[in-house]
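K.L.:
Here it is, the structure, as structure tokens.
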Amino acid sequence: MIRRINPLSRVTSIAATSLLLSLTTASSSAFAAGRDHIEIVGSSTVYPFTTVVAETFGKKTKFKTPKVESTGSGGGLKLFCNGNGIDTPDITNASRRIKKSEVEKCHSNGVDNITEIQIGFDGIAIANSKKGQTFALTRKDLFLALAKQIPTSKEGELIANPHKTWKQVNAKLPDIKIEVLGPPPTSGTRDAFAELAMEGGCKTFSWIKALKKKDKHAYKTLCHSLREDGAYIEAGENDNLIVQKLEKNPDALGIFGFSFLDQNSDKVKGASMDGVAITFESVADGSYPVSRPLFFYVKNDHIGKVPGIKEFLAEFTAEDTWGDDGYLTEKGLIPLSEEKRKEIATNAKNLTKLKL
Amino acid sequence: MSISEKSASTQKIQAGLKRRYAKEKRFRLYGIISLIISFAFLLVLLTTIVSKGLPAFQQTYIKIDVTLDQADLGVDKNASEDELFSAPYSKTVKNSLKAMFPDAHGRKQKRALKNLVSKSAAYELRDKVIQDPSILGTTQTFWFLAKDDVDVFMKGGIDRKLPESERRIKDYQLAWIDQLIKEDRLEKRFNTVLFTAGDSREPEQAGMKGAIIGSLLTMLVTILLSFPIAVATAAYLEEFAPQNNRWVDLIEININNLAAVPSIVFGLLGLAVYINIFGIPRSTPLVGGLVLTLMTLPTIIIASRAAIKSVPPSIKEAAIGLGASPVQVLFQHTLPLAMPGILTGTIIGMAQALGETAPLLMIGMVAFVSDIPGGIFDPSTVMPVQIYLWSDSPERAFTERTSAAIMILLGFLVLMNLIAITLRKRFEKKW
């Protein structure tokens, strides 16, 4: 009788051995044995800046390149505040300041020693194709064009937004259809747009401003709700896609971060807001109204446990990085004033504890 | 039966026959049309990807004469390696460029001048000096990577006829580039960086190697776990499980349902179980492979069961008749004969897993990882995630790299299919 060695059984035995091997190495190398790289999570707006610093840090020094995840500001803080262990992130990015509720959550999980570092500003551009007309908008125009409900001349009365063209919103604006491409609700850019542009326009009605004190919820719903009848088009998180669509449709406007306007200045132009053009300078000095500060938060208890955190902070707060001529400005970050930079760099060095 | 009657029914049949032939012709035509449509879609897809992605396989290099001034660098030949490591090489590169184009003035132009060359030049210079400190104090000629804007321009991505305000490359930069071209200092070469470097935020330095290795490690974990588990499950259910048992039926229904569960659900499960309970580190090929194992298991089980079922009973019965035990029958006859089908199912499952991003989002593999992973415990990304991250980057030069990355991923899928076909051919048995 011929005894055939079965090729299959050999394959299975190899597979089984390697499986066992990999599992034993898994348990022996012990997951909790510490990390040799910095872990960063958080805002997708800060992500492009942090990644550049992380990469430069990794190439310039002998430390490993930090790993940067884009989870959104809220998601990042949730992971960050989950505990003080080595399996939680060391740094989280945020395109807004940490909330009181989040600080409390951090505290209840033992995360008390945090340093806050503001890195600069981000402007939100309302832009259209270079071939299209030039827009000079106000926040009130934007609110009246894009809000789900708008107030009538009678106080306290609301109607569904009837505006079809920009001219109906404001006689000075061009007579073209209202068509705005913007990010979906999951995006931080959308939150900031609602808060800074829409709410800014909304507040110009005195009775709505008064409503804020009486019924904060109703105020927020009224000011932050965008139209769902096709005038505001959710174009996904991909800002490149919005730029491409604007190029094809010169009548449409798009909403995205300043860095995308900066990179695509040959294709699209930004509208001025309340009479201020969107430029590097106007966002930096705060005169352009739709801009927001960007932050990151550091877990000080991880210093010494994860190598390189202090050096990473030093790299981030160096003038070559976040200064007026630093490499972050090339990626579209709008720097803080020199004084502020000095102050925050000292905070970063001393790991000043966050106080709200 | 009279003749007239006969011819009438023949006529009837003939008339009907004509209709039936026409129907068949129409049906064939529909088939051809749908074939043409699907091929046209495929062709459009492939041509757009290839035409967009091809330029990315070339990269512009700049030749620069670098004077490694020891005073500028603050080190000499006898400096320690640490001192050599941290010397300001970017200043040297900047000074060399200034020497070539002394006409640059003003902050904007000086910055633009610096940006002719990639930031990687300084690191390359550093590595060269550490390798051979004796070049300090001399003037050397190096080819450095050109910055992405110069690269895009050289490939025709920027139209010089546009008015200056609408161009990313200004007139003074054009003059520099023209001079460089005249002096033969600009050269387009095959883009090896794309295959040898990890991810980077600078398009000219960005490569797929990290993602490719990450994908391979993840697939390794997936196949090592899912293949034996799936084949054992399928074999047990087909050959050993009691028939008409309510529990077995329930398991079968669940496996079939699992195959249709959206993949993001597996990501959530992975986050809850592997990361939060077992404490496996985030963003590693290990946890990615474990999650993708869950996702591919049902696919492989279903395909393996179908393959095992299609093995002729006569072969099994003959083996049993000759005194083989059920396990012998399974390993020596059923599984080898079912192998082609099992392998096809496995490869389909693997190909699915290779293209998956949604479940990886939850376990932190959608991340910026610049270092190339060295094992299943190092943070890493996978190829489709790399494509997603590049498509989302603002820099223009990433557009072509996104398409190039898609081409590389498609290349891997074709390769996997080839392996599947070869394996199938080897194991295939005719009876």
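Labels for the structure tokens follow display order: chains A, B, ..., residues from 1 in each chain, ligands from 1.
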Write out as a VMD selection string each polymer residue whose atoms come within 10 Å of Asp36 of chain A, counting only C-alpha atoms; drop sequence neighbours fewer than 2 positions from it.
P.N.:
(chain A and resid 33 to 34 38 to 39 63 to 66 305 to 308) or (chain B and resid 378)
K.L.:
Please produce an output containing all heavy atoms for each residue in the selection, written as a tab-separated table (two decimals), in the first residue's frame.
P.N.:
```tsv
chain	number	residue	atom	x	y	z
A	33	ALA	N	3.36	46.17	28.69
A	33	ALA	CA	4.76	46.40	29.01
A	33	ALA	C	5.25	47.78	28.60
A	33	ALA	O	6.44	48.03	28.60
A	33	ALA	CB	5.62	45.34	28.33
A	34	GLY	N	4.36	48.67	28.23
A	34	GLY	CA	4.79	50.01	27.89
A	34	GLY	C	4.88	50.19	26.40
A	34	GLY	O	4.85	49.24	25.64
A	38	ILE	N	4.62	57.77	21.01
A	38	ILE	CA	3.56	58.61	21.54
A	38	ILE	C	2.27	58.34	20.78
A	38	ILE	O	2.30	58.13	19.56
A	38	ILE	CB	3.95	60.09	21.41
A	38	ILE	CG1	5.28	60.36	22.11
A	38	ILE	CG2	2.85	61.01	21.93
A	38	ILE	CD1	5.81	61.76	21.87
A	39	GLU	N	1.15	58.31	21.52
A	39	GLU	CA	-0.14	58.13	20.84
A	39	GLU	C	-0.95	59.41	20.93
A	39	GLU	O	-1.18	59.95	22.01
A	39	GLU	CB	-0.92	56.98	21.48
A	39	GLU	CG	-0.47	55.65	20.96
A	39	GLU	CD	-1.48	54.54	21.21
A	39	GLU	OE1	-2.63	54.85	21.58
A	39	GLU	OE2	-1.11	53.39	21.02
A	63	PHE	N	13.69	59.43	18.46
A	63	PHE	CA	12.47	58.80	18.98
A	63	PHE	C	11.65	58.26	17.82
A	63	PHE	O	11.82	58.66	16.68
A	63	PHE	CB	11.65	59.84	19.75
A	63	PHE	CG	12.30	60.31	21.00
A	63	PHE	CD1	12.90	61.56	21.06
A	63	PHE	CD2	12.32	59.51	22.12
A	63	PHE	CE1	13.51	61.99	22.22
A	63	PHE	CE2	12.94	59.93	23.29
A	63	PHE	CZ	13.53	61.18	23.34
A	64	LYS	N	10.70	57.38	18.17
A	64	LYS	CA	9.80	56.86	17.13
A	64	LYS	C	8.81	57.95	16.73
A	64	LYS	O	8.50	58.83	17.53
A	64	LYS	CB	9.06	55.64	17.66
A	64	LYS	CG	9.93	54.42	17.69
A	64	LYS	CD	9.06	53.18	17.52
A	64	LYS	CE	9.90	51.99	17.15
A	64	LYS	NZ	9.09	50.86	16.78
A	65	THR	N	8.30	57.83	15.51
A	65	THR	CA	7.31	58.81	15.07
A	65	THR	C	6.01	58.57	15.81
A	65	THR	O	5.51	57.45	15.85
A	65	THR	CB	7.06	58.65	13.56
A	65	THR	OG1	8.32	58.62	12.90
A	65	THR	CG2	6.21	59.77	13.03
A	66	PRO	N	5.43	59.61	16.41
A	66	PRO	CA	4.15	59.42	17.11
A	66	PRO	C	3.06	58.95	16.14
A	66	PRO	O	3.10	59.26	14.95
A	66	PRO	CB	3.83	60.82	17.63
A	66	PRO	CG	5.13	61.53	17.71
A	66	PRO	CD	5.96	60.97	16.60
A	305	LYS	N	6.87	57.80	31.34
A	305	LYS	CA	6.46	56.42	31.02
A	305	LYS	C	6.55	56.17	29.52
A	305	LYS	O	6.87	55.07	29.09
A	305	LYS	CB	5.02	56.19	31.48
A	305	LYS	CG	4.90	56.09	32.99
A	305	LYS	CD	3.46	55.80	33.34
A	305	LYS	CE	3.19	56.08	34.81
A	305	LYS	NZ	1.76	56.32	35.04
A	306	VAL	N	6.21	57.18	28.74
A	306	VAL	CA	6.32	57.07	27.29
A	306	VAL	C	7.44	58.00	26.86
A	306	VAL	O	7.42	59.18	27.19
A	306	VAL	CB	5.00	57.48	26.61
A	306	VAL	CG1	5.14	57.41	25.10
A	306	VAL	CG2	3.86	56.60	27.09
A	307	PRO	N	8.44	57.49	26.14
A	307	PRO	CA	9.58	58.33	25.81
A	307	PRO	C	9.23	59.41	24.77
A	307	PRO	O	8.46	59.16	23.84
A	307	PRO	CB	10.60	57.34	25.23
A	307	PRO	CG	9.78	56.20	24.75
A	307	PRO	CD	8.60	56.11	25.67
A	308	GLY	N	9.77	60.59	24.97
A	308	GLY	CA	9.71	61.62	23.93
A	308	GLY	C	8.64	62.67	24.06
A	308	GLY	O	8.61	63.60	23.26
B	378	ASP	N	3.39	46.51	16.32
B	378	ASP	CA	3.70	47.90	16.01
B	378	ASP	C	2.48	48.57	15.39
B	378	ASP	O	1.72	47.93	14.66
B	378	ASP	CB	4.86	47.96	15.00
B	378	ASP	CG	6.17	47.66	15.66
B	378	ASP	OD1	6.21	47.69	16.90
B	378	ASP	OD2	7.15	47.37	14.96
```
K.L.:
Mind checking which residues fall within 12 Å of Thr92 of chain B, counting only C-alpha atoms, ignoring those fewer than 2 positions away in the same chain, and posting them as a VMD selection string?
P.N.:
chain B and resid 64 to 74 87 to 90 94 to 99 114 121 to 123 125 to 126 136 to 137 139 to 140
K.L.:
Please, which residues of chain B lie no more than 7 Å from chain A when the count uses only C-alpha atoms, and can they be set out as a list in words?
P.N.:
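Here is what falls inside 7 Å: Glu166, Arg167, Arg168, Ser200, Arg201, Leu224, Leu225, Pro228, Gly279, Ile280, Pro281, Phe331, Gln332, Pro336, Gly364, Val366, Ala367, Phe368, Val369, Ser370, Asp371, Asp392, Pro394 and Glu395 of chain B.
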K.L.:
If you run DSSP on the backbone here, which positions in segment 35-252 of chain A get helix (DSSP H, G or I)? Please write them as a PDB file with C-alpha atoms, in the first residue's frame.
P.N.:
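Contents of out-v7.pdb, freshly written:
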```pdb
ATOM      1  CA  TYR A  47      -4.700  66.354  12.465  1.00  0.00           C
ATOM      2  CA  PRO A  48      -2.927  67.851   9.400  1.00  0.00           C
ATOM      3  CA  PHE A  49      -0.782  70.030  11.665  1.00  0.00           C
ATOM      4  CA  THR A  50       0.010  67.419  14.313  1.00  0.00           C
ATOM      5  CA  THR A  51       0.990  64.862  11.693  1.00  0.00           C
ATOM      6  CA  VAL A  52       3.536  67.228  10.161  1.00  0.00           C
ATOM      7  CA  VAL A  53       5.074  67.911  13.579  1.00  0.00           C
ATOM      8  CA  ALA A  54       5.000  64.194  14.400  1.00  0.00           C
ATOM      9  CA  GLU A  55       6.777  63.337  11.174  1.00  0.00           C
ATOM     10  CA  THR A  56       9.426  66.025  11.590  1.00  0.00           C
ATOM     11  CA  PHE A  57       9.915  64.942  15.203  1.00  0.00           C
ATOM     12  CA  GLY A  58      10.375  61.334  14.097  1.00  0.00           C
ATOM     13  CA  LYS A  59      12.929  62.259  11.448  1.00  0.00           C
ATOM     14  CA  LYS A  60      14.797  64.890  13.429  1.00  0.00           C
ATOM     15  CA  SER A  73     -12.469  66.489  19.117  1.00  0.00           C
ATOM     16  CA  GLY A  74     -15.190  64.853  21.197  1.00  0.00           C
ATOM     17  CA  GLY A  75     -14.098  61.313  20.389  1.00  0.00           C
ATOM     18  CA  GLY A  76     -10.501  62.178  21.185  1.00  0.00           C
ATOM     19  CA  LEU A  77     -11.304  63.663  24.582  1.00  0.00           C
ATOM     20  CA  LYS A  78     -13.426  60.629  25.392  1.00  0.00           C
ATOM     21  CA  LEU A  79     -10.504  58.288  24.726  1.00  0.00           C
ATOM     22  CA  PHE A  80      -8.116  60.651  26.499  1.00  0.00           C
ATOM     23  CA  LYS A 100     -16.254  71.481  31.928  1.00  0.00           C
ATOM     24  CA  SER A 101     -18.130  68.169  31.691  1.00  0.00           C
ATOM     25  CA  GLU A 102     -15.109  66.611  30.002  1.00  0.00           C
ATOM     26  CA  VAL A 103     -12.746  67.869  32.682  1.00  0.00           C
ATOM     27  CA  GLU A 104     -15.054  66.301  35.263  1.00  0.00           C
ATOM     28  CA  LYS A 105     -15.086  63.029  33.374  1.00  0.00           C
ATOM     29  CA  CYS A 106     -11.314  63.092  33.194  1.00  0.00           C
ATOM     30  CA  HIS A 107     -11.175  63.777  36.921  1.00  0.00           C
ATOM     31  CA  SER A 108     -13.499  60.889  37.772  1.00  0.00           C
ATOM     32  CA  ARG A 139     -23.030  86.408   8.878  1.00  0.00           C
ATOM     33  CA  LYS A 140     -26.633  87.593   8.755  1.00  0.00           C
ATOM     34  CA  ASP A 141     -26.761  86.832   5.016  1.00  0.00           C
ATOM     35  CA  LEU A 142     -25.482  83.333   5.676  1.00  0.00           C
ATOM     36  CA  PHE A 143     -28.028  82.759   8.413  1.00  0.00           C
ATOM     37  CA  LEU A 144     -30.914  84.021   6.263  1.00  0.00           C
ATOM     38  CA  ALA A 145     -29.748  81.938   3.317  1.00  0.00           C
ATOM     39  CA  LEU A 146     -29.059  78.675   5.106  1.00  0.00           C
ATOM     40  CA  TRP A 166     -28.881  85.265  -2.895  1.00  0.00           C
ATOM     41  CA  LYS A 167     -30.548  88.426  -4.168  1.00  0.00           C
ATOM     42  CA  GLN A 168     -33.673  87.612  -2.144  1.00  0.00           C
ATOM     43  CA  VAL A 169     -31.504  87.424   0.970  1.00  0.00           C
ATOM     44  CA  GLY A 188     -15.907  69.721  13.500  1.00  0.00           C
ATOM     45  CA  THR A 189     -15.891  72.251  10.668  1.00  0.00           C
ATOM     46  CA  ARG A 190     -19.666  72.007  10.546  1.00  0.00           C
ATOM     47  CA  ASP A 191     -19.935  72.607  14.314  1.00  0.00           C
ATOM     48  CA  ALA A 192     -17.682  75.604  14.068  1.00  0.00           C
ATOM     49  CA  PHE A 193     -19.563  76.952  11.059  1.00  0.00           C
ATOM     50  CA  ALA A 194     -22.877  76.612  12.886  1.00  0.00           C
ATOM     51  CA  GLU A 195     -21.495  78.203  16.019  1.00  0.00           C
ATOM     52  CA  LEU A 196     -19.517  81.049  14.504  1.00  0.00           C
ATOM     53  CA  ALA A 197     -21.240  81.936  11.243  1.00  0.00           C
ATOM     54  CA  MET A 198     -24.862  80.833  11.679  1.00  0.00           C
ATOM     55  CA  GLU A 199     -25.183  81.762  15.335  1.00  0.00           C
ATOM     56  CA  GLY A 200     -23.351  85.005  14.678  1.00  0.00           C
ATOM     57  CA  GLY A 201     -25.982  85.956  12.109  1.00  0.00           C
ATOM     58  CA  CYS A 202     -28.797  84.593  14.221  1.00  0.00           C
ATOM     59  CA  SER A 206     -32.592  91.003  19.209  1.00  0.00           C
ATOM     60  CA  TRP A 207     -35.492  88.790  20.244  1.00  0.00           C
ATOM     61  CA  ILE A 208     -33.533  85.657  19.353  1.00  0.00           C
ATOM     62  CA  LYS A 209     -30.624  86.928  21.415  1.00  0.00           C
ATOM     63  CA  ALA A 210     -33.029  87.360  24.321  1.00  0.00           C
ATOM     64  CA  LEU A 211     -34.251  83.795  23.763  1.00  0.00           C
ATOM     65  CA  LYS A 212     -30.784  82.472  24.609  1.00  0.00           C
ATOM     66  CA  LYS A 213     -31.310  83.312  28.283  1.00  0.00           C
ATOM     67  CA  LYS A 214     -34.852  81.986  28.442  1.00  0.00           C
ATOM     68  CA  LYS A 216     -31.137  77.809  25.458  1.00  0.00           C
ATOM     69  CA  HIS A 217     -32.293  74.664  23.678  1.00  0.00           C
ATOM     70  CA  ALA A 218     -34.773  76.439  21.424  1.00  0.00           C
ATOM     71  CA  TYR A 219     -32.162  79.098  20.699  1.00  0.00           C
ATOM     72  CA  LYS A 220     -29.622  76.498  19.650  1.00  0.00           C
ATOM     73  CA  THR A 221     -32.071  74.593  17.449  1.00  0.00           C
ATOM     74  CA  LEU A 222     -33.111  77.789  15.726  1.00  0.00           C
ATOM     75  CA  CYS A 223     -29.595  79.096  15.157  1.00  0.00           C
ATOM     76  CA  HIS A 224     -27.765  75.862  14.331  1.00  0.00           C
ATOM     77  CA  ASP A 239     -12.706  68.859   1.355  1.00  0.00           C
ATOM     78  CA  ASN A 240     -10.873  68.093  -1.890  1.00  0.00           C
ATOM     79  CA  LEU A 241     -14.168  66.880  -3.299  1.00  0.00           C
ATOM     80  CA  ILE A 242     -15.833  70.184  -2.435  1.00  0.00           C
ATOM     81  CA  VAL A 243     -13.080  72.094  -4.248  1.00  0.00           C
ATOM     82  CA  GLN A 244     -13.531  69.881  -7.324  1.00  0.00           C
ATOM     83  CA  LYS A 245     -17.274  70.411  -7.310  1.00  0.00           C
ATOM     84  CA  LEU A 246     -16.885  74.174  -6.981  1.00  0.00           C
ATOM     85  CA  GLU A 247     -14.637  74.174 -10.018  1.00  0.00           C
ATOM     86  CA  LYS A 248     -17.343  72.450 -12.067  1.00  0.00           C
TER      87      LYS A 248
END
```
K.L.:
Using only C-alpha atoms, find the one residue out of B:Ile347, B:His105, B:Phe377, B:Asn254 that sits nearest to Val287 of chain B.
P.N.:
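Among B:Ile347, B:His105, B:Phe377, B:Asn254, it is B:Phe377 that comes nearest to Val287 of chain B.
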K.L.:
Compile the contact shell of Leu333 of chain A as JSON, numbers by chain: residues with an atom at most 12 Å away, counting only C-alpha atoms, same-chain residues fewer than 4 positions apart removed.
P.N.:
{"A": [45, 46, 47, 48, 49, 50, 52, 118, 119, 120, 121, 122, 123, 124, 257, 258, 259, 260, 261, 262, 263, 279, 280, 281, 283, 284, 291, 292, 293, 294, 295, 321, 322, 323, 324, 325, 326, 327, 328, 329]}
K.L.:
Based on the selection just made, write N, CA, C and O atoms of those residues as a short mmCIF file (atom, residue, chain, number, x, y, z; two decimals), in the first residue's frame.
P.N.:
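Below is the file out.cif, written as the result:
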```
data_model
loop_
_atom_site.label_atom_id
_atom_site.label_comp_id
_atom_site.auth_asym_id
_atom_site.auth_seq_id
_atom_site.Cartn_x
_atom_site.Cartn_y
_atom_site.Cartn_z
N THR A 45 -9.41 68.55 12.39
CA THR A 45 -8.90 69.85 11.93
C THR A 45 -7.45 70.05 12.34
O THR A 45 -6.65 70.65 11.62
N VAL A 46 -7.11 69.55 13.53
CA VAL A 46 -5.75 69.71 14.02
C VAL A 46 -4.84 68.63 13.42
O VAL A 46 -3.63 68.82 13.31
N TYR A 47 -5.45 67.51 13.01
CA TYR A 47 -4.70 66.35 12.47
C TYR A 47 -3.63 66.73 11.43
O TYR A 47 -2.48 66.30 11.57
N PRO A 48 -3.97 67.55 10.39
CA PRO A 48 -2.93 67.85 9.40
C PRO A 48 -1.71 68.56 9.99
O PRO A 48 -0.61 68.42 9.48
N PHE A 49 -1.91 69.32 11.07
CA PHE A 49 -0.78 70.03 11.67
C PHE A 49 0.03 69.09 12.56
O PHE A 49 1.25 69.06 12.50
N THR A 50 -0.69 68.32 13.40
CA THR A 50 0.01 67.42 14.31
C THR A 50 0.83 66.38 13.55
O THR A 50 1.94 66.05 13.95
N VAL A 52 2.30 66.66 10.69
CA VAL A 52 3.54 67.23 10.16
C VAL A 52 4.57 67.33 11.27
O VAL A 52 5.74 66.97 11.09
N GLN A 118 -2.52 75.83 23.30
CA GLN A 118 -3.19 76.36 22.11
C GLN A 118 -2.14 76.50 21.02
O GLN A 118 -1.05 77.02 21.28
N ILE A 119 -2.45 76.03 19.81
CA ILE A 119 -1.40 76.04 18.78
C ILE A 119 -1.61 77.13 17.75
O ILE A 119 -0.68 77.49 17.04
N GLY A 120 -2.82 77.66 17.63
CA GLY A 120 -3.04 78.68 16.62
C GLY A 120 -4.52 78.77 16.30
O GLY A 120 -5.37 78.35 17.09
N PHE A 121 -4.81 79.31 15.13
CA PHE A 121 -6.20 79.47 14.72
C PHE A 121 -6.46 78.78 13.40
O PHE A 121 -5.55 78.52 12.62
N ASP A 122 -7.74 78.51 13.17
CA ASP A 122 -8.16 78.00 11.87
C ASP A 122 -9.31 78.87 11.39
O ASP A 122 -10.26 79.11 12.16
N GLY A 123 -9.23 79.36 10.17
CA GLY A 123 -10.33 80.14 9.62
C GLY A 123 -11.21 79.26 8.77
O GLY A 123 -10.72 78.35 8.10
N ILE A 124 -12.52 79.49 8.81
CA ILE A 124 -13.41 78.72 7.94
C ILE A 124 -13.76 79.58 6.74
O ILE A 124 -14.30 80.68 6.88
N GLY A 257 -11.94 74.46 5.51
CA GLY A 257 -10.91 75.10 6.32
C GLY A 257 -9.99 75.97 5.47
O GLY A 257 -9.86 75.77 4.26
N PHE A 258 -9.32 76.92 6.14
CA PHE A 258 -8.45 77.86 5.44
C PHE A 258 -7.32 77.17 4.69
O PHE A 258 -6.91 77.61 3.62
N SER A 259 -6.83 76.05 5.23
CA SER A 259 -5.68 75.40 4.59
C SER A 259 -6.03 74.91 3.18
O SER A 259 -5.18 74.92 2.29
N PHE A 260 -7.29 74.52 2.97
CA PHE A 260 -7.69 74.07 1.64
C PHE A 260 -7.80 75.25 0.68
O PHE A 260 -7.46 75.15 -0.50
N LEU A 261 -8.25 76.40 1.19
CA LEU A 261 -8.31 77.60 0.36
C LEU A 261 -6.89 77.99 -0.03
O LEU A 261 -6.61 78.32 -1.18
N ASP A 262 -5.98 77.92 0.93
CA ASP A 262 -4.60 78.29 0.74
C ASP A 262 -3.94 77.42 -0.33
O ASP A 262 -3.24 77.90 -1.21
N GLN A 263 -4.22 76.11 -0.26
CA GLN A 263 -3.61 75.17 -1.21
C GLN A 263 -4.21 75.28 -2.60
O GLN A 263 -3.59 74.93 -3.58
N THR A 279 -7.84 86.35 4.87
CA THR A 279 -6.42 86.25 4.56
C THR A 279 -5.73 85.71 5.81
O THR A 279 -6.33 85.61 6.88
N PHE A 280 -4.50 85.35 5.60
CA PHE A 280 -3.67 84.88 6.69
C PHE A 280 -3.69 85.87 7.87
O PHE A 280 -3.90 85.51 9.02
N GLU A 281 -3.54 87.15 7.53
CA GLU A 281 -3.43 88.19 8.56
C GLU A 281 -4.76 88.40 9.27
O GLU A 281 -4.81 88.53 10.49
N VAL A 283 -7.24 86.42 9.74
CA VAL A 283 -7.59 85.35 10.67
C VAL A 283 -6.70 85.41 11.91
O VAL A 283 -7.15 85.25 13.04
N ALA A 284 -5.41 85.73 11.68
CA ALA A 284 -4.46 85.77 12.80
C ALA A 284 -4.83 86.85 13.81
O ALA A 284 -4.75 86.63 15.02
N SER A 291 -13.48 82.26 12.68
CA SER A 291 -12.27 81.51 12.96
C SER A 291 -12.33 80.97 14.37
O SER A 291 -13.07 81.45 15.21
N ARG A 292 -11.53 79.94 14.61
CA ARG A 292 -11.59 79.28 15.93
C ARG A 292 -10.19 78.91 16.39
O ARG A 292 -9.31 78.66 15.57
N PRO A 293 -9.99 78.83 17.70
CA PRO A 293 -8.69 78.42 18.20
C PRO A 293 -8.53 76.91 18.16
O PRO A 293 -9.51 76.17 18.25
N LEU A 294 -7.31 76.45 17.99
CA LEU A 294 -7.02 75.01 17.97
C LEU A 294 -6.13 74.67 19.17
O LEU A 294 -5.24 75.42 19.52
N PHE A 295 -6.41 73.52 19.77
CA PHE A 295 -5.68 73.14 20.98
C PHE A 295 -5.17 71.72 20.91
O PHE A 295 -5.63 70.93 20.09
N THR A 321 8.56 75.83 14.13
CA THR A 321 7.38 75.03 13.88
C THR A 321 6.14 75.90 13.78
O THR A 321 5.48 75.95 12.75
N TRP A 322 5.82 76.60 14.88
CA TRP A 322 4.53 77.29 14.91
C TRP A 322 4.67 78.80 14.83
O TRP A 322 3.69 79.51 14.95
N GLY A 323 5.89 79.28 14.58
CA GLY A 323 6.10 80.71 14.47
C GLY A 323 5.57 81.28 13.16
O GLY A 323 5.02 80.54 12.33
N ASP A 324 5.76 82.60 12.97
CA ASP A 324 5.24 83.27 11.76
C ASP A 324 5.82 82.67 10.50
O ASP A 324 5.19 82.68 9.45
N ASP A 325 7.06 82.16 10.59
CA ASP A 325 7.70 81.58 9.42
C ASP A 325 7.86 80.07 9.53
O ASP A 325 8.58 79.46 8.78
N GLY A 326 7.21 79.48 10.51
CA GLY A 326 7.38 78.06 10.78
C GLY A 326 6.76 77.19 9.70
O GLY A 326 6.01 77.67 8.85
N TYR A 327 7.08 75.91 9.77
CA TYR A 327 6.57 75.02 8.71
C TYR A 327 5.08 74.74 8.85
O TYR A 327 4.45 74.28 7.91
N LEU A 328 4.49 74.99 10.01
CA LEU A 328 3.05 74.78 10.13
C LEU A 328 2.26 75.84 9.37
O LEU A 328 1.17 75.56 8.86
N THR A 329 2.79 77.05 9.29
CA THR A 329 2.06 78.08 8.53
C THR A 329 2.00 77.70 7.06
O THR A 329 1.06 78.04 6.36
#
```
K.L.:
One decimal, in Å: what's the spacing between atom CA of Arg401 of chain B and atom CA of Leu46 of chain B?
P.N.:
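According to the coordinates, atom CA of Arg401 of chain B and atom CA of Leu46 of chain B are separated by 15.1 Å.
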K.L.:
Just list as a PyMOL selection string whatever in segment 36-152 of chain A DSSP marks as strand (DSSP E).
P.N.:
chain A and resi 39-42+67-69+91-94+114-129+136-137+149-151
K.L.:
Using C-alpha atoms, can you export the residues from the last selection as an mmCIF file, in the first residue's frame?
P.N.:
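So the final result, stored in selection_23.cif, reads:
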```cif
data_model
loop_
_atom_site.group_PDB
_atom_site.id
_atom_site.type_symbol
_atom_site.label_atom_id
_atom_site.label_comp_id
_atom_site.auth_asym_id
_atom_site.auth_seq_id
_atom_site.Cartn_x
_atom_site.Cartn_y
_atom_site.Cartn_z
ATOM 1 C CA GLU A 39 -0.139 58.133 20.844
ATOM 2 C CA ILE A 40 -2.163 61.111 19.698
ATOM 3 C CA VAL A 41 -5.915 61.187 18.976
ATOM 4 C CA GLY A 42 -8.504 63.894 18.369
ATOM 5 C CA LYS A 67 0.980 57.750 15.876
ATOM 6 C CA VAL A 68 -1.786 60.225 15.097
ATOM 7 C CA GLU A 69 -5.432 59.206 14.832
ATOM 8 C CA ILE A 91 -2.185 63.667 23.717
ATOM 9 C CA THR A 92 -5.538 64.673 22.263
ATOM 10 C CA ASN A 93 -6.200 67.365 19.684
ATOM 11 C CA ALA A 94 -9.251 69.603 19.859
ATOM 12 C CA ILE A 114 -3.379 67.918 32.052
ATOM 13 C CA THR A 115 -1.579 70.703 30.209
ATOM 14 C CA GLU A 116 -3.480 72.752 27.653
ATOM 15 C CA ILE A 117 -1.607 74.038 24.624
ATOM 16 C CA GLN A 118 -3.187 76.357 22.106
ATOM 17 C CA ILE A 119 -1.400 76.035 18.781
ATOM 18 C CA GLY A 120 -3.043 78.683 16.624
ATOM 19 C CA PHE A 121 -6.204 79.468 14.725
ATOM 20 C CA ASP A 122 -8.163 78.000 11.871
ATOM 21 C CA GLY A 123 -10.332 80.145 9.621
ATOM 22 C CA ILE A 124 -13.409 78.717 7.944
ATOM 23 C CA ALA A 125 -13.622 79.844 4.344
ATOM 24 C CA ILE A 126 -16.795 80.381 2.342
ATOM 25 C CA ALA A 127 -15.442 80.099 -1.165
ATOM 26 C CA ASN A 128 -16.460 79.728 -4.781
ATOM 27 C CA SER A 129 -14.812 79.151 -8.133
ATOM 28 C CA ALA A 136 -19.197 89.940 0.022
ATOM 29 C CA LEU A 137 -21.210 88.211 2.723
ATOM 30 C CA GLN A 149 -36.346 78.559 9.790
ATOM 31 C CA ILE A 150 -35.965 82.302 9.665
ATOM 32 C CA PRO A 151 -37.718 85.030 11.638
#
```
